[in-house]
Amino acid sequence: MSRVMAQIAMVMNLDKCIGCHTCSVTCKQTWTNRGGVEYVWFNNVETRPGQGYPRGYEDQDRWKGGWRLRNGRLTPRSGGRVRRLGRLFANPELPLLDDYYQPWTYDYENLVNAPLGDDVPTAAPRSLVDGAPASITWGPNWDDDLGGGPAHLAGDPVLRRVSDEVRLEYERSFMFYLPRICEHCLNPSCVAVCPSGAMYKRLEDGIVLVDQDRCRGWRMCVTGCPYKKVYFNHHSGKAEKCTMCYPRIEAGEPTVCSETCVGRLRYLGVMLYDADRVGEAAAVAREEDLYPAQLGCFLSPDDPEVAAAAEASGVPHDWVLAARRSPVYSLIVRHRVALPLHPEYRTMPMVWYVPPLSPVVDALAGTGHDGEDAGNLFGAIDALRIPLSYLAGLFTAGDTAPVETALRRLAAMRSHMRAINLGEEPDPAVAEAVGMRPAEIEEMYRLLALAKYDERYVIPTAYAAGAGRADATGGCSLDGPGGPGMTEGAGIGVGAGPGTGVGTDMGVDMGTGMGAGMDAFHASPLPHDGDDRLRGRVNLFGWDGKGLPDGLFPPRRGEAR
Amino acid sequence: MRHLQIALWGVLPYLVLVLFVAGSLWRHHYDRFGMTTRSSQLHESRLLRVAGPLFHYGLLFVIAGHVVGLLVPEQLTEDMHITESLYRANALVVGGLAGIAAVAGLTVLLWRRLRTRAVRLASLRSDRLVYPVLATVLLAGLAATLLGSTTGTYDYRLGVSVWFRSLFELEPDVPAMANAPFLFQVHTLFGMALFALWPFSRLVHAFAVPLGYLVRPYVVYRSRSTFAGRNGTR
Ligand code: SF4
Ligand code: SF4
């Protein structure tokens, strides 16, 4: 059988997102609260319809992200190898800071230091790039909640495509939130366009990372990613991106955005897929076929043949077990309610979305109809073509059928569960109409509405591909004494090696914790006892390049450490 | 005077070479994180999109010209029946155009660096040294090419080039360089300064030419374990 690979994937249930931006803020505090990445949000939440962040990033005619088919072969849309190298000295498709937004802070000091006077002092905005007084004209979520009116909506590339037929009446428009992180694609175009080979997809869990020591700042990846989820740090001159919080994932913990999500709408789990099928699936001719083609890459972990092949390919047994319990697999494959974001970019994204039924329910309720009646809902899904074709533009390259199926299943669940809650006998015809058994509907409901922490996040701890037969089948190879997780310096090498992950310094800092299991992760982030070399040194990763913090240089002779 | 000449053209080149090699190794070993183009395109793109390629492509041609001019002995081109006048005309036209492109590109880039506030602030301290040196080297070189071909009769392939090759034979031909015109001496001296600065400034990014990209598979996989022996691409 084929080459089986495992991927940590995410599903977000858009119906539950309240647009609170907690995920964005906690992510920023964790990863990008440093100089040079002030404008960077590894996780952002955008209001749809809307332009998104950076502005209009979905317009690939302009930004040239993702892949395209040329003579039946996949090439990065920004050009093949020769063209990319020819453009080494200036990247014509690089979004500027203005396309994201000019980051700013406020002159808080003035509130305290202003001389006594008649006027209340103000904290005027200051640019975070050059410190000059700034006028704020755009931000990362400027058009939040449809703020700014119809003029901004015109900048939505997805809407532009659907609204040729349907004029959007602003007062009657629908709205929902779309939280976005890096998709950790199966066929990542960011990796493909990196001339230095600094970006890579991890064999073990499919997380896509930038090797900070190998990145040379060519900025091709920023263009190559159609979701614009690789960013350029303008202090360090290196690319940075969402890391799927790999130090947490390796320890079996959910990402920070998932952990802190107020709506508890994020699910994390393992997907097994056939690596040999990816290239073919990404190159199907019709864009509408990309969603089914990607579904075709996923393997059923319940199939004993798949399980055997997985273990033969080096996927540990506990990963296969985790794949069987994977909430992500259930939502994507078993219930078919989760859909990929923009499959037409051909990168095979791995963060999927349960489309929101609420625009439909709201529209129904607004007209005085019962928003929980299956018949009403089915009819409304049919009648409300705007949300449907818009959602299809986001999730299925314009094919409304899969979106309709997903929405109808959500509608059926709504009406089925209401009957149960009211103590009525649920109408079996409702479940049948969407091709599900009542038990399946209830299972899906459990997952979407009630699932607790350990059902939403089923994350096996890390392993190392090819670490040896016995290890590969016996759970986490890094835990055992003498295993790579235990040797001196190995903690550094395993998790983030000088090079893998976000930064050498960071790898050093978090070194031992990585790969050594949960206990070590929660324990002190300092290096092992006996490894004094790094004690007292400054963490360069957190240094903004200004001034000389203590410990930047080794102490002078005679000076105590 | 003689001692000065020996110091400049007989000793200094070796010091520079040692500094260049040792510095590069040191940088590679201890500061791979710092090896980057340090692009400021995020702040300003309009000027960079024109001037960046103009400067770099101009420079690539200039470098190719230097390789030919310095390493290929005059005897060889004569044996290939390339007449001196043809060689000179070629050097003047191609070298002159490339030099002008590089100088024009650098001018715009410097203007951009000074006038765009965000770009100016993103500059390194070492830039204050690198840019004047670079500009001097380029201007002196361009002047030598243009003036030398129109007025002078100095054949650098019988002077500077001989000196350059003699360096690698460990028998520096000091007089060959000492007798070269002033412009050539300035160009060479500042050129050496450039090589000395190389490892310690943004110039290191020249080592990053990603030629491997041409033969690499598009998608790179790597194991998270450095012990597993399945590193690298596949
Ligand atoms: S979404 Fe992530 S993995 Fe996919 S192309 Fe963009 S940066 Fe790469
Ligand atoms: S924390 Fe959850 S609910 Fe809040 S914006 Fe993020 S995804 Fe939506």
# chains A, B, ... in the order shown; residues from 1 in each chain; ligands from 1
$ interface_residues --of "chain B" --to "chain A" --cutoff "8 Å" --atoms "only C-alpha atoms" --output "PyMOL selection string"
chain B and resi 32-45+48-49+52-53+56+117-118+121-122+205+208+210-214+217-230
$ residues_around --residues "stretch 99-111 of chain B" --least-positions-apart "4" --cutoff "7 Å" --atoms "only C-alpha atoms" --output "ChimeraX atom specification"
/B:48,51-52,54-56,58-59,62,95,115,138,142
$ write_last_selection --atoms "N, CA and C atoms" --output "PDB file, in the first residue's frame"
ATOM      1  N   LEU B  48      12.528  50.464  -5.280  1.00  0.00           N
ATOM      2  CA  LEU B  48      13.330  49.248  -5.177  1.00  0.00           C
ATOM      3  C   LEU B  48      13.113  48.330  -6.367  1.00  0.00           C
ATOM      4  N   ALA B  51      15.351  49.890  -9.085  1.00  0.00           N
ATOM      5  CA  ALA B  51      16.767  50.071  -8.799  1.00  0.00           C
ATOM      6  C   ALA B  51      17.435  48.780  -8.314  1.00  0.00           C
ATOM      7  N   GLY B  52      16.698  47.970  -7.574  1.00  0.00           N
ATOM      8  CA  GLY B  52      17.293  46.735  -7.053  1.00  0.00           C
ATOM      9  C   GLY B  52      17.836  45.853  -8.163  1.00  0.00           C
ATOM     10  N   LEU B  54      18.351  46.668 -11.273  1.00  0.00           N
ATOM     11  CA  LEU B  54      19.309  47.420 -12.089  1.00  0.00           C
ATOM     12  C   LEU B  54      20.705  47.301 -11.473  1.00  0.00           C
ATOM     13  N   PHE B  55      20.783  47.564 -10.184  1.00  0.00           N
ATOM     14  CA  PHE B  55      22.068  47.525  -9.494  1.00  0.00           C
ATOM     15  C   PHE B  55      22.656  46.115  -9.500  1.00  0.00           C
ATOM     16  N   HIS B  56      21.823  45.144  -9.107  1.00  0.00           N
ATOM     17  CA  HIS B  56      22.366  43.793  -8.944  1.00  0.00           C
ATOM     18  C   HIS B  56      22.748  43.163 -10.280  1.00  0.00           C
ATOM     19  N   GLY B  58      23.496  44.783 -13.028  1.00  0.00           N
ATOM     20  CA  GLY B  58      24.676  45.514 -13.485  1.00  0.00           C
ATOM     21  C   GLY B  58      25.927  44.949 -12.834  1.00  0.00           C
ATOM     22  N   LEU B  59      25.816  44.748 -11.525  1.00  0.00           N
ATOM     23  CA  LEU B  59      26.970  44.267 -10.760  1.00  0.00           C
ATOM     24  C   LEU B  59      27.393  42.871 -11.213  1.00  0.00           C
ATOM     25  N   VAL B  62      29.419  43.262 -14.181  1.00  0.00           N
ATOM     26  CA  VAL B  62      30.706  43.839 -13.808  1.00  0.00           C
ATOM     27  C   VAL B  62      31.619  42.764 -13.243  1.00  0.00           C
ATOM     28  N   GLY B  95      31.291  46.557 -20.373  1.00  0.00           N
ATOM     29  CA  GLY B  95      31.697  46.966 -19.030  1.00  0.00           C
ATOM     30  C   GLY B  95      31.145  48.334 -18.681  1.00  0.00           C
ATOM     31  N   ARG B 115      16.017  58.985   1.865  1.00  0.00           N
ATOM     32  CA  ARG B 115      14.811  59.794   1.858  1.00  0.00           C
ATOM     33  C   ARG B 115      13.606  59.101   2.476  1.00  0.00           C
ATOM     34  N   LEU B 138      32.828  51.587  -7.118  1.00  0.00           N
ATOM     35  CA  LEU B 138      32.094  51.594  -8.387  1.00  0.00           C
ATOM     36  C   LEU B 138      32.484  52.793  -9.245  1.00  0.00           C
ATOM     37  N   LEU B 142      34.363  52.630 -12.757  1.00  0.00           N
ATOM     38  CA  LEU B 142      33.689  53.100 -13.953  1.00  0.00           C
ATOM     39  C   LEU B 142      34.529  54.180 -14.637  1.00  0.00           C
TER      40      LEU B 142
END
$ residues_around --residues "A:Pro292" --least-positions-apart "6" --cutoff "10 Å" --atoms "only C-alpha atoms" --output "PyMOL selection string"
chain A and resi 281+343+396+402
$ write_last_selection --atoms "C-alpha atoms" --output "PDB file, in the first residue's frame"
ATOM      1  CA  ALA A 281      -5.201  15.395  -6.418  1.00  0.00           C
ATOM      2  CA  PRO A 343      -9.327  24.638  -2.411  1.00  0.00           C
ATOM      3  CA  THR A 396     -15.598  24.814  -2.610  1.00  0.00           C
ATOM      4  CA  PRO A 402     -21.178  20.476  -0.985  1.00  0.00           C
TER       5      PRO A 402
END
$ residues_near_ligand --ligand "ligand 1" --cutoff "10 Å" --atoms "only C-alpha atoms and all ligand atoms" --output "PyMOL selection string"
chain A and resi 42+65-67+180-193+199-201+206-210+221-231+240-244+341+345-351
$ residues_around --residues "A:Asp61" --least-positions-apart "4" --cutoff "10 Å" --atoms "only C-alpha atoms" --output "list of chain:residue names"
A:Tyr57, A:Gly65, A:Arg77, A:Ser78
$ select_by_dssp --residues "stretch 16-209 of chain B" --states "helix (DSSP H, G or I)" --output "ChimeraX atom specification"
/B:16-30,46-71,74-79,84-115,117-121,127-150,156-158,160-168,174-178,182-200,202-208
$ residues_around --residues "B:Ser126" --least-positions-apart "6" --cutoff "10 Å" --atoms "only C-alpha atoms" --output "NGL selection string"
:B and (197 or 200-202)
$ write_last_selection --atoms "C-alpha atoms" --output "PDB file, in the first residue's frame"
ATOM      1  CA  LEU B 197      33.998  44.532   5.294  1.00  0.00           C
ATOM      2  CA  PHE B 200      30.814  41.785   8.813  1.00  0.00           C
ATOM      3  CA  SER B 201      28.199  43.688   6.858  1.00  0.00           C
ATOM      4  CA  ARG B 202      25.104  43.115   4.777  1.00  0.00           C
TER       5      ARG B 202
END
$ closest_residue --among "A:Asn33, A:Thr260, A:Gln7, A:Ser326" --to "ligand 2" --atoms "only C-alpha atoms and all ligand atoms"
A:Thr260
$ select_by_dssp --residues "stretch 197-402 of chain A" --states "strand (DSSP E)" --output "PyMOL selection string"
chain A and resi 199-202+208-210+230-233+238-241+266-274+339-340+351-354
$ atom_distance --atom1 "atom CA of A:Ala412" --atom2 "atom CA of A:Trp352"
20.8 Å
$ residues_near_ligand --ligand "ligand 2" --cutoff "12 Å" --atoms "only C-alpha atoms and all ligand atoms" --output "short mmCIF file (atom, residue, chain, number, x, y, z; two decimals) with N, CA, C and O atoms, in the first residue's frame"
data_model
loop_
_atom_site.label_atom_id
_atom_site.label_comp_id
_atom_site.auth_asym_id
_atom_site.auth_seq_id
_atom_site.Cartn_x
_atom_site.Cartn_y
_atom_site.Cartn_z
N MET A 10 -6.90 21.01 11.70
CA MET A 10 -7.83 21.76 12.54
C MET A 10 -9.16 21.94 11.81
O MET A 10 -9.18 22.04 10.58
N VAL A 11 -10.25 21.96 12.56
CA VAL A 11 -11.55 22.33 12.01
C VAL A 11 -12.12 23.43 12.89
O VAL A 11 -11.97 23.38 14.12
N MET A 12 -12.71 24.44 12.28
CA MET A 12 -13.37 25.48 13.05
C MET A 12 -14.84 25.52 12.67
O MET A 12 -15.18 25.47 11.49
N ASN A 13 -15.68 25.59 13.69
CA ASN A 13 -17.11 25.64 13.48
C ASN A 13 -17.56 27.10 13.46
O ASN A 13 -17.71 27.72 14.50
N LEU A 14 -17.77 27.61 12.25
CA LEU A 14 -17.97 29.06 12.12
C LEU A 14 -19.25 29.56 12.77
O LEU A 14 -19.35 30.73 13.12
N ASP A 15 -20.23 28.68 12.94
CA ASP A 15 -21.46 29.12 13.57
C ASP A 15 -21.23 29.65 14.97
O ASP A 15 -22.00 30.45 15.48
N LYS A 16 -20.17 29.17 15.60
CA LYS A 16 -19.97 29.53 17.00
C LYS A 16 -19.01 30.69 17.20
O LYS A 16 -18.79 31.10 18.32
N CYS A 17 -18.41 31.18 16.13
CA CYS A 17 -17.44 32.25 16.32
C CYS A 17 -18.17 33.56 16.59
O CYS A 17 -19.02 33.99 15.81
N ILE A 18 -17.81 34.18 17.71
CA ILE A 18 -18.46 35.45 18.06
C ILE A 18 -17.58 36.63 17.67
O ILE A 18 -17.88 37.78 18.02
N GLY A 19 -16.50 36.39 17.02
CA GLY A 19 -15.65 37.48 16.57
C GLY A 19 -15.00 38.26 17.69
O GLY A 19 -14.81 39.46 17.59
N CYS A 20 -14.62 37.58 18.76
CA CYS A 20 -14.09 38.29 19.92
C CYS A 20 -12.59 38.56 19.80
O CYS A 20 -12.05 39.33 20.57
N HIS A 21 -11.92 37.93 18.87
CA HIS A 21 -10.48 38.13 18.63
C HIS A 21 -9.59 37.67 19.78
O HIS A 21 -8.42 38.03 19.84
N THR A 22 -10.15 36.92 20.69
CA THR A 22 -9.31 36.40 21.78
C THR A 22 -8.17 35.55 21.23
O THR A 22 -7.02 35.66 21.66
N CYS A 23 -8.52 34.72 20.24
CA CYS A 23 -7.51 33.84 19.64
C CYS A 23 -6.37 34.67 19.05
O CYS A 23 -5.20 34.35 19.24
N SER A 24 -6.72 35.77 18.36
CA SER A 24 -5.69 36.60 17.74
C SER A 24 -4.78 37.20 18.80
O SER A 24 -3.56 37.22 18.65
N VAL A 25 -5.40 37.68 19.87
CA VAL A 25 -4.62 38.39 20.88
C VAL A 25 -3.70 37.43 21.63
O VAL A 25 -2.52 37.71 21.84
N THR A 26 -4.23 36.28 22.00
CA THR A 26 -3.37 35.34 22.73
C THR A 26 -2.26 34.82 21.84
O THR A 26 -1.13 34.62 22.28
N CYS A 27 -2.59 34.63 20.56
CA CYS A 27 -1.55 34.20 19.63
C CYS A 27 -0.49 35.27 19.52
O CYS A 27 0.71 34.99 19.56
N ASN A 43 -2.69 34.48 13.73
CA ASN A 43 -4.12 34.20 13.75
C ASN A 43 -4.84 35.53 13.58
O ASN A 43 -4.55 36.48 14.30
N ASN A 44 -5.71 35.62 12.60
CA ASN A 44 -6.54 36.81 12.52
C ASN A 44 -7.98 36.39 12.30
O ASN A 44 -8.26 35.28 11.86
N VAL A 45 -8.89 37.27 12.68
CA VAL A 45 -10.32 36.97 12.51
C VAL A 45 -10.88 38.06 11.61
O VAL A 45 -10.79 39.24 11.95
N GLU A 46 -11.39 37.67 10.47
CA GLU A 46 -11.92 38.68 9.58
C GLU A 46 -13.43 38.52 9.44
O GLU A 46 -13.97 37.44 9.58
N THR A 47 -14.10 39.64 9.19
CA THR A 47 -15.53 39.61 8.96
C THR A 47 -15.77 39.36 7.48
O THR A 47 -15.16 39.99 6.64
N ASN A 141 -8.27 44.67 11.24
CA ASN A 141 -9.69 44.29 11.09
C ASN A 141 -10.53 45.54 11.00
O ASN A 141 -11.49 45.73 11.74
N ASP A 144 -14.24 45.28 10.48
CA ASP A 144 -14.89 44.38 11.43
C ASP A 144 -16.38 44.67 11.48
O ASP A 144 -16.80 45.82 11.45
N ASP A 145 -17.17 43.62 11.59
CA ASP A 145 -18.63 43.77 11.67
C ASP A 145 -19.18 44.62 10.54
O ASP A 145 -20.10 45.42 10.73
N PHE A 176 -20.57 36.91 8.79
CA PHE A 176 -20.03 35.94 9.76
C PHE A 176 -18.54 36.17 9.90
O PHE A 176 -17.95 36.94 9.15
N TYR A 177 -17.95 35.52 10.90
CA TYR A 177 -16.52 35.71 11.16
C TYR A 177 -15.73 34.51 10.65
O TYR A 177 -16.18 33.38 10.74
N LEU A 178 -14.56 34.82 10.15
CA LEU A 178 -13.69 33.76 9.62
C LEU A 178 -12.32 33.88 10.31
O LEU A 178 -11.51 34.72 9.93
N PRO A 179 -12.08 33.05 11.32
CA PRO A 179 -10.75 33.06 11.94
C PRO A 179 -9.79 32.29 11.04
O PRO A 179 -10.15 31.23 10.52
N ARG A 180 -8.61 32.85 10.85
CA ARG A 180 -7.67 32.19 9.94
C ARG A 180 -6.29 32.03 10.58
O ARG A 180 -5.78 32.95 11.21
N ILE A 181 -5.70 30.85 10.38
CA ILE A 181 -4.28 30.65 10.70
C ILE A 181 -3.65 30.05 9.44
O ILE A 181 -4.33 29.88 8.43
N THR A 255 -3.15 24.14 20.33
CA THR A 255 -2.52 25.43 20.05
C THR A 255 -3.11 26.50 20.97
O THR A 255 -4.19 26.31 21.54
N VAL A 256 -2.42 27.61 21.09
CA VAL A 256 -2.89 28.68 21.98
C VAL A 256 -4.24 29.21 21.50
O VAL A 256 -5.15 29.45 22.30
N CYS A 257 -4.41 29.37 20.18
CA CYS A 257 -5.68 29.90 19.68
C CYS A 257 -6.83 28.95 20.02
O CYS A 257 -7.93 29.40 20.37
N SER A 258 -6.58 27.65 19.96
CA SER A 258 -7.63 26.69 20.29
C SER A 258 -7.92 26.70 21.78
O SER A 258 -9.07 26.72 22.22
N GLU A 259 -6.84 26.67 22.54
CA GLU A 259 -6.96 26.62 23.99
C GLU A 259 -7.78 27.79 24.51
O GLU A 259 -8.60 27.65 25.41
N THR A 260 -7.56 28.97 23.92
CA THR A 260 -8.20 30.16 24.48
C THR A 260 -9.49 30.55 23.76
O THR A 260 -10.10 31.54 24.13
N CYS A 261 -9.88 29.79 22.76
CA CYS A 261 -11.07 30.18 21.99
C CYS A 261 -12.30 30.23 22.89
O CYS A 261 -12.65 29.26 23.55
N VAL A 262 -12.93 31.38 22.89
CA VAL A 262 -14.08 31.60 23.74
C VAL A 262 -15.27 30.76 23.29
O VAL A 262 -16.01 30.22 24.09
N GLY A 263 -15.42 30.64 21.97
CA GLY A 263 -16.55 29.88 21.45
C GLY A 263 -16.32 28.38 21.49
O GLY A 263 -17.21 27.60 21.17
N ARG A 264 -15.14 27.95 21.88
CA ARG A 264 -14.76 26.52 21.89
C ARG A 264 -15.11 25.86 20.57
O ARG A 264 -15.73 24.79 20.53
N LEU A 265 -14.75 26.53 19.51
CA LEU A 265 -15.18 26.06 18.21
C LEU A 265 -14.06 25.39 17.43
O LEU A 265 -14.26 24.97 16.31
N ARG A 266 -12.89 25.28 18.04
CA ARG A 266 -11.78 24.69 17.28
C ARG A 266 -11.56 23.24 17.69
O ARG A 266 -11.66 22.90 18.86
N TYR A 267 -11.26 22.43 16.69
CA TYR A 267 -11.02 21.01 16.91
C TYR A 267 -9.66 20.69 16.33
O TYR A 267 -9.29 21.18 15.27
N TYR A 353 -13.39 24.23 7.69
CA TYR A 353 -14.42 25.03 8.35
C TYR A 353 -15.79 24.41 8.20
O TYR A 353 -16.17 23.96 7.12
#
$ residues_around --residues "stretch 294-307 of chain A" --least-positions-apart "3" --cutoff "9 Å" --atoms "only C-alpha atoms" --output "compact mmCIF listing (two decimals) with N, CA, C and O atoms, in the first residue's frame"
# COMPACT_ATOMS: atom_id res chain seq x y z
N MET A 1 0.83 -1.20 0.00
CA MET A 1 0.00 0.00 0.00
C MET A 1 0.87 1.25 0.00
O MET A 1 2.09 1.20 0.01
N SER A 2 0.22 2.30 0.04
CA SER A 2 0.84 3.60 -0.23
C SER A 2 1.61 4.16 0.95
O SER A 2 1.63 3.59 2.03
N VAL A 4 1.82 6.31 3.86
CA VAL A 4 0.85 6.95 4.74
C VAL A 4 1.56 8.02 5.57
O VAL A 4 2.62 7.77 6.13
N MET A 271 -5.09 13.52 10.93
CA MET A 271 -5.62 13.00 9.68
C MET A 271 -4.54 12.13 9.05
O MET A 271 -3.38 12.56 8.97
N LEU A 272 -4.91 10.94 8.63
CA LEU A 272 -3.96 10.11 7.88
C LEU A 272 -4.24 10.33 6.40
O LEU A 272 -5.40 10.40 5.98
N TYR A 273 -3.18 10.48 5.62
CA TYR A 273 -3.43 10.66 4.19
C TYR A 273 -2.37 9.92 3.38
O TYR A 273 -1.32 9.54 3.90
N ASP A 274 -2.71 9.73 2.14
CA ASP A 274 -1.84 9.01 1.23
C ASP A 274 -0.96 10.03 0.51
O ASP A 274 -1.42 10.74 -0.38
N ALA A 275 0.30 10.09 0.92
CA ALA A 275 1.18 11.13 0.39
C ALA A 275 1.37 11.00 -1.11
O ALA A 275 1.62 11.99 -1.81
N ASP A 276 1.24 9.78 -1.63
CA ASP A 276 1.46 9.60 -3.07
C ASP A 276 0.31 10.14 -3.91
O ASP A 276 0.44 10.33 -5.11
N ARG A 277 -0.83 10.36 -3.25
CA ARG A 277 -1.98 10.83 -4.04
C ARG A 277 -2.07 12.36 -4.08
O ARG A 277 -2.85 12.90 -4.86
N VAL A 278 -1.29 13.02 -3.24
CA VAL A 278 -1.46 14.47 -3.10
C VAL A 278 -1.19 15.22 -4.41
O VAL A 278 -2.00 16.04 -4.85
N ALA A 281 -3.96 14.75 -6.85
CA ALA A 281 -5.20 15.40 -6.42
C ALA A 281 -5.11 16.91 -6.58
O ALA A 281 -6.10 17.57 -6.92
N ALA A 282 -3.95 17.47 -6.35
CA ALA A 282 -3.81 18.92 -6.46
C ALA A 282 -3.82 19.37 -7.91
O ALA A 282 -3.95 20.55 -8.19
N ASP A 289 -13.43 20.18 -8.61
CA ASP A 289 -13.11 18.81 -8.23
C ASP A 289 -12.04 18.73 -7.16
O ASP A 289 -11.71 17.64 -6.69
N LEU A 290 -11.49 19.87 -6.78
CA LEU A 290 -10.38 19.83 -5.83
C LEU A 290 -10.83 19.37 -4.44
O LEU A 290 -10.10 18.66 -3.76
N TYR A 291 -12.03 19.80 -4.05
CA TYR A 291 -12.51 19.37 -2.72
C TYR A 291 -12.68 17.86 -2.67
O TYR A 291 -12.10 17.20 -1.80
N ALA A 310 0.15 2.39 7.76
CA ALA A 310 0.62 3.55 8.50
C ALA A 310 1.82 3.16 9.36
O ALA A 310 2.84 3.85 9.38
N GLU A 311 1.69 2.04 10.04
CA GLU A 311 2.79 1.65 10.90
C GLU A 311 4.00 1.24 10.08
O GLU A 311 5.15 1.50 10.48
N ALA A 312 3.76 0.68 8.91
CA ALA A 312 4.89 0.36 8.03
C ALA A 312 5.57 1.64 7.56
O ALA A 312 6.78 1.66 7.33
N VAL A 315 4.39 5.64 11.07
CA VAL A 315 3.46 6.37 11.94
C VAL A 315 3.22 5.50 13.17
O VAL A 315 2.79 4.36 13.04
N HIS A 317 1.82 3.65 16.56
CA HIS A 317 0.50 3.08 16.81
C HIS A 317 -0.42 4.08 17.51
O HIS A 317 -1.60 4.18 17.19
N VAL A 320 -2.17 6.27 15.16
CA VAL A 320 -3.30 5.65 14.46
C VAL A 320 -4.51 5.61 15.39
O VAL A 320 -5.64 5.91 14.97
N LEU A 321 -4.26 5.27 16.64
CA LEU A 321 -5.37 5.28 17.61
C LEU A 321 -5.97 6.67 17.71
O LEU A 321 -7.20 6.84 17.73
N ALA A 322 -5.10 7.67 17.77
CA ALA A 322 -5.59 9.05 17.86
C ALA A 322 -6.37 9.43 16.62
O ALA A 322 -7.37 10.14 16.68
N ALA A 323 -5.92 8.94 15.47
CA ALA A 323 -6.63 9.24 14.22
C ALA A 323 -8.04 8.67 14.26
O ALA A 323 -8.98 9.24 13.71
N ARG A 324 -8.20 7.53 14.92
CA ARG A 324 -9.54 6.94 15.01
C ARG A 324 -10.46 7.80 15.85
O ARG A 324 -11.65 7.87 15.59
N TYR A 329 -11.31 14.27 11.74
CA TYR A 329 -11.68 13.26 10.75
C TYR A 329 -13.20 13.10 10.73
O TYR A 329 -13.81 12.99 9.66
N ILE A 332 -14.78 16.11 8.93
CA ILE A 332 -14.44 16.24 7.52
C ILE A 332 -14.98 15.07 6.71
O ILE A 332 -15.63 15.25 5.69
N VAL A 333 -14.72 13.85 7.20
CA VAL A 333 -15.04 12.68 6.38
C VAL A 333 -16.34 12.02 6.80
O VAL A 333 -17.21 11.78 5.97
N PRO A 343 -10.06 25.75 -1.81
CA PRO A 343 -9.33 24.64 -2.41
C PRO A 343 -8.76 25.00 -3.78
O PRO A 343 -7.80 24.38 -4.24
N MET A 348 -3.99 22.33 -1.04
CA MET A 348 -4.55 21.30 -0.16
C MET A 348 -4.48 21.72 1.31
O MET A 348 -3.73 21.15 2.11
$ atom_distance --atom1 "atom CA of A:Ala283" --atom2 "atom CA of A:Arg161"
22.8 Å
$ atom_distance --atom1 "atom CA of A:Met5" --atom2 "atom CA of A:Tyr457"
19.3 Å
$ residues_around --residues "B:Asp155" --least-positions-apart "4" --cutoff "10 Å" --atoms "only C-alpha atoms" --output "list in words"
Glu74, Glu84, Arg88, Gly148, Ser149, Gly159, Val160, Ser161 and Ala180 of chain B
